[in-house]
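Just work-v7.txt here, compact mmCIF, N, CA and C atoms:
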# COMPACT_ATOMS: atom_id res chain seq x y z
N MET A 1 12.06 -10.74 -12.49
CA MET A 1 11.34 -11.11 -13.71
C MET A 1 10.58 -9.89 -14.23
N ALA A 2 10.60 -9.70 -15.53
CA ALA A 2 9.93 -8.56 -16.16
C ALA A 2 8.41 -8.72 -16.06
N LYS A 3 7.75 -7.59 -15.95
CA LYS A 3 6.28 -7.57 -15.92
C LYS A 3 5.74 -8.04 -17.27
N LEU A 4 4.67 -8.84 -17.23
CA LEU A 4 4.03 -9.31 -18.46
C LEU A 4 3.42 -8.12 -19.18
N THR A 5 3.72 -7.98 -20.47
CA THR A 5 3.18 -6.88 -21.26
C THR A 5 2.37 -7.42 -22.44
N TYR A 6 1.38 -6.64 -22.85
CA TYR A 6 0.53 -6.95 -23.99
C TYR A 6 0.56 -5.75 -24.93
N ARG A 7 0.73 -6.00 -26.23
CA ARG A 7 0.69 -4.94 -27.23
C ARG A 7 -0.21 -5.40 -28.37
N TYR A 8 -1.17 -4.55 -28.76
CA TYR A 8 -2.07 -4.88 -29.87
C TYR A 8 -1.24 -5.21 -31.11
N HIS A 9 -1.67 -6.27 -31.84
CA HIS A 9 -0.98 -6.64 -33.07
C HIS A 9 -1.91 -6.61 -34.28
N HIS A 10 -3.07 -7.29 -34.19
CA HIS A 10 -4.00 -7.29 -35.32
C HIS A 10 -5.38 -7.76 -34.89
N LEU A 11 -6.32 -7.56 -35.79
CA LEU A 11 -7.68 -8.06 -35.65
C LEU A 11 -7.90 -9.07 -36.77
N GLY A 12 -8.21 -10.31 -36.43
CA GLY A 12 -8.45 -11.36 -37.42
C GLY A 12 -9.94 -11.56 -37.62
N ILE A 13 -10.38 -11.47 -38.87
CA ILE A 13 -11.81 -11.59 -39.16
C ILE A 13 -12.05 -12.74 -40.14
N PRO A 14 -12.83 -13.74 -39.72
CA PRO A 14 -13.17 -14.83 -40.65
C PRO A 14 -14.04 -14.31 -41.79
N THR A 15 -13.84 -14.88 -42.97
CA THR A 15 -14.62 -14.49 -44.14
C THR A 15 -14.77 -15.69 -45.08
N ASN A 16 -15.77 -15.63 -45.91
CA ASN A 16 -15.92 -16.61 -46.99
C ASN A 16 -15.51 -16.01 -48.33
N ASP A 17 -15.23 -14.71 -48.33
CA ASP A 17 -14.89 -14.00 -49.56
C ASP A 17 -13.39 -14.05 -49.84
N LYS A 18 -13.04 -14.19 -51.13
CA LYS A 18 -11.64 -14.12 -51.53
C LYS A 18 -11.19 -12.67 -51.46
N HIS A 19 -9.94 -12.47 -51.04
CA HIS A 19 -9.36 -11.13 -50.96
C HIS A 19 -8.07 -11.09 -51.77
N PRO A 20 -7.68 -9.91 -52.23
CA PRO A 20 -6.44 -9.80 -53.01
C PRO A 20 -5.23 -10.26 -52.19
N ASP A 21 -4.29 -10.85 -52.87
CA ASP A 21 -3.00 -11.22 -52.28
C ASP A 21 -3.11 -12.17 -51.09
N GLU A 22 -4.06 -13.09 -51.14
CA GLU A 22 -4.18 -14.09 -50.08
C GLU A 22 -2.93 -14.98 -50.05
N VAL A 23 -2.56 -15.37 -48.84
CA VAL A 23 -1.46 -16.31 -48.64
C VAL A 23 -2.06 -17.56 -48.02
N TYR A 24 -1.75 -18.72 -48.62
CA TYR A 24 -2.31 -19.98 -48.12
C TYR A 24 -1.38 -20.60 -47.10
N LEU A 25 -1.92 -20.93 -45.94
CA LEU A 25 -1.16 -21.62 -44.90
C LEU A 25 -1.60 -23.08 -44.93
N GLU A 26 -0.86 -23.88 -45.67
CA GLU A 26 -1.25 -25.27 -45.95
C GLU A 26 -1.45 -26.09 -44.68
N LYS A 27 -0.57 -25.92 -43.70
CA LYS A 27 -0.65 -26.69 -42.46
C LYS A 27 -2.00 -26.49 -41.76
N PHE A 28 -2.55 -25.28 -41.87
CA PHE A 28 -3.79 -24.94 -41.17
C PHE A 28 -5.00 -24.85 -42.10
N LYS A 29 -4.77 -25.04 -43.39
CA LYS A 29 -5.83 -25.03 -44.40
C LYS A 29 -6.67 -23.75 -44.37
N PHE A 30 -6.00 -22.61 -44.42
CA PHE A 30 -6.72 -21.36 -44.58
C PHE A 30 -5.84 -20.31 -45.24
N PHE A 31 -6.50 -19.28 -45.76
CA PHE A 31 -5.85 -18.15 -46.42
C PHE A 31 -5.88 -16.95 -45.49
N VAL A 32 -4.82 -16.15 -45.51
CA VAL A 32 -4.80 -14.89 -44.78
C VAL A 32 -4.47 -13.77 -45.77
N SER A 33 -4.98 -12.59 -45.46
CA SER A 33 -4.70 -11.43 -46.31
C SER A 33 -5.02 -10.15 -45.58
N GLY A 34 -4.50 -9.05 -46.11
CA GLY A 34 -4.87 -7.73 -45.65
C GLY A 34 -4.03 -7.13 -44.56
N TYR A 35 -3.37 -7.93 -43.76
CA TYR A 35 -2.66 -7.42 -42.58
C TYR A 35 -1.63 -6.34 -42.93
N LYS A 36 -0.80 -6.63 -43.90
CA LYS A 36 0.29 -5.70 -44.24
C LYS A 36 -0.24 -4.41 -44.85
N GLU A 37 -1.36 -4.47 -45.53
CA GLU A 37 -1.89 -3.29 -46.21
C GLU A 37 -2.75 -2.40 -45.30
N SER A 38 -3.26 -2.95 -44.24
CA SER A 38 -4.20 -2.23 -43.38
C SER A 38 -3.48 -1.39 -42.33
N PRO A 39 -3.76 -0.09 -42.27
CA PRO A 39 -3.13 0.73 -41.23
C PRO A 39 -3.59 0.33 -39.82
N TYR A 40 -4.70 -0.39 -39.74
CA TYR A 40 -5.24 -0.82 -38.43
C TYR A 40 -4.97 -2.30 -38.19
N LYS A 41 -4.23 -2.93 -39.12
CA LYS A 41 -3.83 -4.33 -39.02
C LYS A 41 -5.02 -5.28 -38.98
N VAL A 42 -5.94 -5.09 -39.93
CA VAL A 42 -7.07 -6.00 -40.11
C VAL A 42 -6.60 -7.16 -40.98
N GLU A 43 -6.79 -8.37 -40.49
CA GLU A 43 -6.39 -9.58 -41.20
C GLU A 43 -7.63 -10.38 -41.54
N TRP A 44 -7.78 -10.73 -42.82
CA TRP A 44 -8.90 -11.57 -43.26
C TRP A 44 -8.44 -13.01 -43.27
N MET A 45 -9.32 -13.92 -42.84
CA MET A 45 -9.01 -15.34 -42.75
C MET A 45 -10.12 -16.13 -43.44
N ARG A 46 -9.73 -16.87 -44.49
CA ARG A 46 -10.70 -17.68 -45.23
C ARG A 46 -10.31 -19.15 -45.08
N PHE A 47 -11.17 -19.89 -44.40
CA PHE A 47 -10.88 -21.28 -44.05
C PHE A 47 -11.38 -22.25 -45.11
N MET A 48 -10.60 -23.30 -45.33
CA MET A 48 -10.96 -24.35 -46.26
C MET A 48 -11.60 -25.51 -45.48
N PRO A 49 -12.41 -26.32 -46.15
CA PRO A 49 -12.98 -27.49 -45.47
C PRO A 49 -11.85 -28.35 -44.88
N GLY A 50 -12.07 -28.84 -43.69
CA GLY A 50 -11.09 -29.69 -43.04
C GLY A 50 -10.00 -28.93 -42.29
N SER A 51 -10.13 -27.61 -42.17
CA SER A 51 -9.14 -26.85 -41.41
C SER A 51 -9.14 -27.33 -39.96
N PRO A 52 -7.95 -27.53 -39.39
CA PRO A 52 -7.86 -27.98 -38.01
C PRO A 52 -8.08 -26.87 -36.98
N ILE A 53 -8.27 -25.66 -37.44
CA ILE A 53 -8.48 -24.52 -36.54
C ILE A 53 -9.84 -24.66 -35.87
N PRO A 54 -9.92 -24.42 -34.54
CA PRO A 54 -11.20 -24.55 -33.84
C PRO A 54 -12.30 -23.68 -34.45
N GLU A 55 -13.53 -24.20 -34.38
CA GLU A 55 -14.68 -23.51 -34.96
C GLU A 55 -14.84 -22.09 -34.40
N LEU A 56 -14.54 -21.89 -33.13
CA LEU A 56 -14.67 -20.57 -32.54
C LEU A 56 -13.82 -19.54 -33.30
N VAL A 57 -12.60 -19.92 -33.68
CA VAL A 57 -11.71 -19.02 -34.42
C VAL A 57 -12.19 -18.86 -35.86
N GLN A 58 -12.80 -19.91 -36.41
CA GLN A 58 -13.31 -19.84 -37.78
C GLN A 58 -14.57 -19.00 -37.89
N LYS A 59 -15.29 -18.79 -36.80
CA LYS A 59 -16.58 -18.10 -36.84
C LYS A 59 -16.58 -16.71 -36.20
N ILE A 60 -15.72 -16.50 -35.20
CA ILE A 60 -15.73 -15.27 -34.41
C ILE A 60 -14.42 -14.51 -34.63
N PRO A 61 -14.48 -13.20 -34.89
CA PRO A 61 -13.24 -12.42 -35.00
C PRO A 61 -12.40 -12.54 -33.73
N HIS A 62 -11.09 -12.42 -33.91
CA HIS A 62 -10.19 -12.45 -32.75
C HIS A 62 -9.27 -11.24 -32.77
N VAL A 63 -8.84 -10.85 -31.59
CA VAL A 63 -7.84 -9.81 -31.46
C VAL A 63 -6.54 -10.50 -31.05
N ALA A 64 -5.41 -10.00 -31.55
CA ALA A 64 -4.12 -10.60 -31.27
C ALA A 64 -3.23 -9.59 -30.54
N PHE A 65 -2.52 -10.11 -29.56
CA PHE A 65 -1.60 -9.30 -28.77
C PHE A 65 -0.23 -9.95 -28.78
N VAL A 66 0.82 -9.12 -28.87
CA VAL A 66 2.18 -9.58 -28.68
C VAL A 66 2.45 -9.53 -27.18
N VAL A 67 2.97 -10.62 -26.66
CA VAL A 67 3.33 -10.69 -25.24
C VAL A 67 4.83 -10.91 -25.12
N ASN A 68 5.39 -10.49 -24.01
CA ASN A 68 6.83 -10.67 -23.81
C ASN A 68 7.17 -12.02 -23.19
N ASN A 69 6.13 -12.76 -22.72
CA ASN A 69 6.36 -14.09 -22.16
C ASN A 69 5.10 -14.92 -22.35
N LEU A 70 5.07 -15.70 -23.41
CA LEU A 70 3.88 -16.48 -23.76
C LEU A 70 3.54 -17.49 -22.68
N LYS A 71 4.53 -18.15 -22.15
CA LYS A 71 4.29 -19.17 -21.11
C LYS A 71 3.56 -18.56 -19.92
N THR A 72 3.99 -17.40 -19.48
CA THR A 72 3.34 -16.72 -18.35
C THR A 72 1.94 -16.27 -18.73
N ALA A 73 1.78 -15.75 -19.93
CA ALA A 73 0.47 -15.25 -20.39
C ALA A 73 -0.57 -16.36 -20.46
N LEU A 74 -0.12 -17.59 -20.66
CA LEU A 74 -1.05 -18.72 -20.81
C LEU A 74 -1.45 -19.37 -19.49
N LYS A 75 -0.74 -19.05 -18.43
CA LYS A 75 -1.02 -19.69 -17.14
C LYS A 75 -2.46 -19.42 -16.70
N GLY A 76 -3.18 -20.52 -16.42
CA GLY A 76 -4.54 -20.42 -15.92
C GLY A 76 -5.58 -20.08 -16.97
N LYS A 77 -5.20 -20.02 -18.23
CA LYS A 77 -6.12 -19.65 -19.31
C LYS A 77 -6.71 -20.89 -19.98
N GLN A 78 -7.86 -20.73 -20.62
CA GLN A 78 -8.47 -21.79 -21.41
C GLN A 78 -7.82 -21.77 -22.79
N ILE A 79 -6.91 -22.67 -23.05
CA ILE A 79 -6.16 -22.71 -24.30
C ILE A 79 -6.93 -23.54 -25.32
N ILE A 80 -7.18 -22.95 -26.50
CA ILE A 80 -7.87 -23.69 -27.55
C ILE A 80 -6.94 -24.05 -28.72
N ILE A 81 -5.85 -23.34 -28.85
CA ILE A 81 -4.79 -23.71 -29.79
C ILE A 81 -3.48 -23.65 -29.01
N GLU A 82 -2.86 -24.79 -28.85
CA GLU A 82 -1.62 -24.88 -28.10
C GLU A 82 -0.52 -24.06 -28.79
N PRO A 83 0.49 -23.64 -28.03
CA PRO A 83 1.59 -22.89 -28.64
C PRO A 83 2.18 -23.66 -29.83
N ASN A 84 2.37 -22.91 -30.92
CA ASN A 84 2.93 -23.48 -32.14
C ASN A 84 3.67 -22.38 -32.89
N SER A 85 4.46 -22.78 -33.85
CA SER A 85 5.26 -21.82 -34.60
C SER A 85 4.85 -21.82 -36.07
N PRO A 86 3.95 -20.88 -36.45
CA PRO A 86 3.52 -20.81 -37.84
C PRO A 86 4.63 -20.32 -38.78
N SER A 87 5.63 -19.62 -38.22
CA SER A 87 6.79 -19.20 -38.99
C SER A 87 7.97 -19.06 -38.04
N LYS A 88 9.16 -19.19 -38.59
CA LYS A 88 10.39 -19.15 -37.79
C LYS A 88 10.47 -17.83 -37.02
N GLY A 89 10.73 -17.94 -35.73
CA GLY A 89 10.88 -16.75 -34.89
C GLY A 89 9.60 -16.27 -34.25
N LEU A 90 8.50 -16.99 -34.46
CA LEU A 90 7.20 -16.60 -33.92
C LEU A 90 6.51 -17.81 -33.29
N THR A 91 6.00 -17.62 -32.07
CA THR A 91 5.20 -18.65 -31.41
C THR A 91 3.86 -18.02 -31.08
N VAL A 92 2.77 -18.73 -31.38
CA VAL A 92 1.43 -18.24 -31.12
C VAL A 92 0.61 -19.29 -30.38
N ALA A 93 -0.40 -18.83 -29.69
CA ALA A 93 -1.38 -19.70 -29.05
C ALA A 93 -2.70 -18.92 -29.01
N PHE A 94 -3.81 -19.65 -28.90
CA PHE A 94 -5.12 -19.02 -28.78
C PHE A 94 -5.75 -19.44 -27.46
N ILE A 95 -6.38 -18.46 -26.82
CA ILE A 95 -7.14 -18.71 -25.60
C ILE A 95 -8.57 -18.22 -25.82
N VAL A 96 -9.43 -18.52 -24.87
CA VAL A 96 -10.80 -18.00 -24.88
C VAL A 96 -10.92 -17.04 -23.70
N ASP A 97 -11.44 -15.86 -23.97
CA ASP A 97 -11.72 -14.89 -22.91
C ASP A 97 -13.12 -14.35 -23.12
N ASN A 98 -13.97 -14.52 -22.14
CA ASN A 98 -15.35 -14.03 -22.21
C ASN A 98 -16.06 -14.52 -23.47
N GLY A 99 -15.77 -15.75 -23.87
CA GLY A 99 -16.42 -16.36 -25.03
C GLY A 99 -15.80 -16.03 -26.37
N ALA A 100 -14.76 -15.21 -26.38
CA ALA A 100 -14.13 -14.79 -27.65
C ALA A 100 -12.72 -15.35 -27.75
N PRO A 101 -12.29 -15.66 -28.98
CA PRO A 101 -10.91 -16.12 -29.17
C PRO A 101 -9.93 -14.96 -29.09
N ILE A 102 -8.81 -15.19 -28.43
CA ILE A 102 -7.73 -14.21 -28.31
C ILE A 102 -6.45 -14.90 -28.74
N GLU A 103 -5.70 -14.26 -29.61
CA GLU A 103 -4.40 -14.80 -30.04
C GLU A 103 -3.31 -14.11 -29.25
N LEU A 104 -2.39 -14.91 -28.72
CA LEU A 104 -1.22 -14.38 -28.03
C LEU A 104 0.01 -14.78 -28.84
N MET A 105 0.88 -13.81 -29.06
CA MET A 105 2.04 -14.01 -29.94
C MET A 105 3.32 -13.63 -29.21
N GLN A 106 4.37 -14.41 -29.42
CA GLN A 106 5.68 -14.05 -28.90
C GLN A 106 6.69 -14.14 -30.03
N PHE A 107 7.38 -13.04 -30.28
CA PHE A 107 8.40 -13.00 -31.32
C PHE A 107 9.75 -13.30 -30.70
N ASP A 108 10.46 -14.26 -31.28
CA ASP A 108 11.79 -14.61 -30.82
C ASP A 108 12.85 -14.00 -31.73
N SER A 109 12.41 -13.38 -32.79
CA SER A 109 13.25 -12.62 -33.72
C SER A 109 12.60 -11.26 -33.88
N LYS A 110 13.28 -10.35 -34.55
CA LYS A 110 12.68 -9.05 -34.81
C LYS A 110 11.43 -9.23 -35.65
N GLU A 111 10.36 -8.58 -35.24
CA GLU A 111 9.06 -8.75 -35.89
C GLU A 111 9.11 -8.45 -37.38
N ASP A 112 9.81 -7.41 -37.78
CA ASP A 112 9.85 -7.03 -39.19
C ASP A 112 10.70 -7.97 -40.04
N GLU A 113 11.40 -8.92 -39.40
CA GLU A 113 12.19 -9.90 -40.14
C GLU A 113 11.41 -11.17 -40.42
N ILE A 114 10.22 -11.29 -39.84
CA ILE A 114 9.43 -12.50 -39.98
C ILE A 114 8.40 -12.33 -41.09
Please go through the file and, once you have read it, give me the structure as structure tokens.
Amino acid sequence: MAKLTYRYHHLGIPTNDKHPDEVYLEKFKFFVSGYKESPYKVEWMRFMPGSPIPELVQKIPHVAFVVNNLKTALKGKQIIIEPNSPSKGLTVAFIVDNGAPIELMQFDSKEDEI
């Protein structure tokens, strides 16, 4: 079995401010923006009332890592968002580490195709 690997993907920062080119994720009731334009992969997240996303993620910035095996990466962790597929070819989950939200991502297709 291959060794579990982690690769930095982005930094997600909650905001109340509108940003250019926001994309609305209706299922989760929030807007995302900035990721593609930022050389450091900073993603802004603006939540709407009634968003099902946990308050910790709505209030505290999170760092996201691509893992080569999401199931293994989640073993023994405090999961706050169960694995789900926000877009075809991508599965994500959120855990808590040292009081902070961490996003773990697994791409089942080429990342640049998603």
Which neighbours of segment 37-49 of chain A fall inside 7 Å, counting all atoms listed in the file, when residues of the same chain fewer than 2 positions from it are skipped, and could you give them as a PDB file with N, CA and C atoms, keeping the file's coordinate frame?
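The result, stored in part.pdb:
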ATOM      1  N   HIS A   9      -1.670  -6.270 -31.840  1.00  0.00           N
ATOM      2  CA  HIS A   9      -0.980  -6.640 -33.070  1.00  0.00           C
ATOM      3  C   HIS A   9      -1.910  -6.610 -34.280  1.00  0.00           C
ATOM      4  N   HIS A  10      -3.070  -7.290 -34.190  1.00  0.00           N
ATOM      5  CA  HIS A  10      -4.000  -7.290 -35.320  1.00  0.00           C
ATOM      6  C   HIS A  10      -5.380  -7.760 -34.890  1.00  0.00           C
ATOM      7  N   LEU A  11      -6.320  -7.560 -35.790  1.00  0.00           N
ATOM      8  CA  LEU A  11      -7.680  -8.060 -35.650  1.00  0.00           C
ATOM      9  C   LEU A  11      -7.900  -9.070 -36.770  1.00  0.00           C
ATOM     10  N   GLY A  12      -8.210 -10.310 -36.430  1.00  0.00           N
ATOM     11  CA  GLY A  12      -8.450 -11.360 -37.420  1.00  0.00           C
ATOM     12  C   GLY A  12      -9.940 -11.560 -37.620  1.00  0.00           C
ATOM     13  N   ILE A  13     -10.380 -11.470 -38.870  1.00  0.00           N
ATOM     14  CA  ILE A  13     -11.810 -11.590 -39.160  1.00  0.00           C
ATOM     15  C   ILE A  13     -12.050 -12.740 -40.140  1.00  0.00           C
ATOM     16  N   PRO A  14     -12.830 -13.740 -39.720  1.00  0.00           N
ATOM     17  CA  PRO A  14     -13.170 -14.830 -40.650  1.00  0.00           C
ATOM     18  C   PRO A  14     -14.040 -14.310 -41.790  1.00  0.00           C
ATOM     19  N   THR A  15     -13.840 -14.880 -42.970  1.00  0.00           N
ATOM     20  CA  THR A  15     -14.620 -14.490 -44.140  1.00  0.00           C
ATOM     21  C   THR A  15     -14.770 -15.690 -45.080  1.00  0.00           C
ATOM     22  N   ASN A  16     -15.770 -15.630 -45.910  1.00  0.00           N
ATOM     23  CA  ASN A  16     -15.920 -16.610 -46.990  1.00  0.00           C
ATOM     24  C   ASN A  16     -15.510 -16.010 -48.330  1.00  0.00           C
ATOM     25  N   ASP A  17     -15.230 -14.710 -48.330  1.00  0.00           N
ATOM     26  CA  ASP A  17     -14.890 -14.000 -49.560  1.00  0.00           C
ATOM     27  C   ASP A  17     -13.390 -14.050 -49.840  1.00  0.00           C
ATOM     28  N   PHE A  28      -2.550 -25.280 -41.870  1.00  0.00           N
ATOM     29  CA  PHE A  28      -3.790 -24.940 -41.170  1.00  0.00           C
ATOM     30  C   PHE A  28      -5.000 -24.850 -42.100  1.00  0.00           C
ATOM     31  N   LYS A  29      -4.770 -25.040 -43.390  1.00  0.00           N
ATOM     32  CA  LYS A  29      -5.830 -25.030 -44.400  1.00  0.00           C
ATOM     33  C   LYS A  29      -6.670 -23.750 -44.370  1.00  0.00           C
ATOM     34  N   PHE A  30      -6.000 -22.610 -44.420  1.00  0.00           N
ATOM     35  CA  PHE A  30      -6.720 -21.360 -44.580  1.00  0.00           C
ATOM     36  C   PHE A  30      -5.840 -20.310 -45.240  1.00  0.00           C
ATOM     37  N   PHE A  31      -6.500 -19.280 -45.760  1.00  0.00           N
ATOM     38  CA  PHE A  31      -5.850 -18.150 -46.420  1.00  0.00           C
ATOM     39  C   PHE A  31      -5.880 -16.950 -45.490  1.00  0.00           C
ATOM     40  N   VAL A  32      -4.820 -16.150 -45.510  1.00  0.00           N
ATOM     41  CA  VAL A  32      -4.800 -14.890 -44.780  1.00  0.00           C
ATOM     42  C   VAL A  32      -4.470 -13.770 -45.770  1.00  0.00           C
ATOM     43  N   SER A  33      -4.980 -12.590 -45.460  1.00  0.00           N
ATOM     44  CA  SER A  33      -4.700 -11.430 -46.310  1.00  0.00           C
ATOM     45  C   SER A  33      -5.020 -10.150 -45.580  1.00  0.00           C
ATOM     46  N   GLY A  34      -4.500  -9.050 -46.110  1.00  0.00           N
ATOM     47  CA  GLY A  34      -4.870  -7.730 -45.650  1.00  0.00           C
ATOM     48  C   GLY A  34      -4.030  -7.130 -44.560  1.00  0.00           C
ATOM     49  N   TYR A  35      -3.370  -7.930 -43.760  1.00  0.00           N
ATOM     50  CA  TYR A  35      -2.660  -7.420 -42.580  1.00  0.00           C
ATOM     51  C   TYR A  35      -1.630  -6.340 -42.930  1.00  0.00           C
ATOM     52  N   SER A  51     -10.130 -27.610 -42.170  1.00  0.00           N
ATOM     53  CA  SER A  51      -9.140 -26.850 -41.410  1.00  0.00           C
ATOM     54  C   SER A  51      -9.140 -27.330 -39.960  1.00  0.00           C
ATOM     55  N   PRO A  52      -7.950 -27.530 -39.390  1.00  0.00           N
ATOM     56  CA  PRO A  52      -7.860 -27.980 -38.010  1.00  0.00           C
ATOM     57  C   PRO A  52      -8.080 -26.870 -36.980  1.00  0.00           C
ATOM     58  N   GLN A  58     -12.800 -19.910 -36.410  1.00  0.00           N
ATOM     59  CA  GLN A  58     -13.310 -19.840 -37.780  1.00  0.00           C
ATOM     60  C   GLN A  58     -14.570 -19.000 -37.890  1.00  0.00           C
TER      61      GLN A  58
END
* Looking only at strand (DSSP E) from DSSP on the backbone, list the matching residues of chain A as a ChimeraX atom specification. => /A:6-14,23-25,30-33,42-47,62-67,78-87,90-97,100-107
* For segment 1-8 of chain A, work out the shell of residues within 12 Å, counting only C-alpha atoms and skipping chain neighbours fewer than 3 positions away, then give it as a list in words. =>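 Contacts, with the query itself left out: Leu11, Gly12, Tyr40, Lys41, Val42, His62, Val63, Ala64, Phe65, Val66, Val67, Asn68, Asn69, Leu70, Lys71, Thr72, Ala73, Leu74, Lys75, Ile102, Glu103, Leu104, Met105, Gln106 and Phe107 of chain A.
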Grab all the atoms of segment 91-101 of chain A that the file lists, wrap them in a box along x, y and z, add 5 Å per side, and give me centre plus edge lengths in Å (one decimal) as AutoDock Vina command-line options.
--center_x -5.2 --center_y -16.9 --center_z -27.1 --size_x 32.4 --size_y 15.7 --size_z 19.9
* Could you give me the residues within chain A that DSSP places in helix (DSSP H, G or I), as an NGL selection string? => :A and (55-59 or 70-74 or 111-113)
* Structure fact -> Min atom-atom distance to Lys110 of chain A from the set A:Pro83, A:Gly50, A:Gly89, A:Pro61, counting only C-alpha atoms, belongs to A:Gly89
* Quote the spacing between atom C of Asp97 of chain A and atom C of Gly76 of chain A in Å to one decimal place. =>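 Interatomic distance, atom C of Asp97 of chain A to atom C of Gly76 of chain A: 11.3 Å.
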* Asked: What is the atom N of Ile79 of chain A-atom N of Asn98 of chain A distance in Å, reported with one decimal?
  -> 10.8 Å
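Here atom CA of Phe94 of chain A stands at a distance of 6.2 Å from atom N of Glu82 of chain A.
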* To do: Using all atoms listed in the file, pick whichever of A:Ile80, A:Leu25, A:Lys88, A:Ile60 has the shortest atom-to-atom distance to Ser109 of chain A.
  =>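 Ranked by minimum distance to Ser109 of chain A, first place goes to A:Lys88.
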* Option closest in space to Val96 of chain A, from A:Asn84, A:Glu111, A:Leu56, A:Pro20 [counting only C-alpha atoms] ->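 For Val96 of chain A, the nearest of the given residues is A:Leu56.
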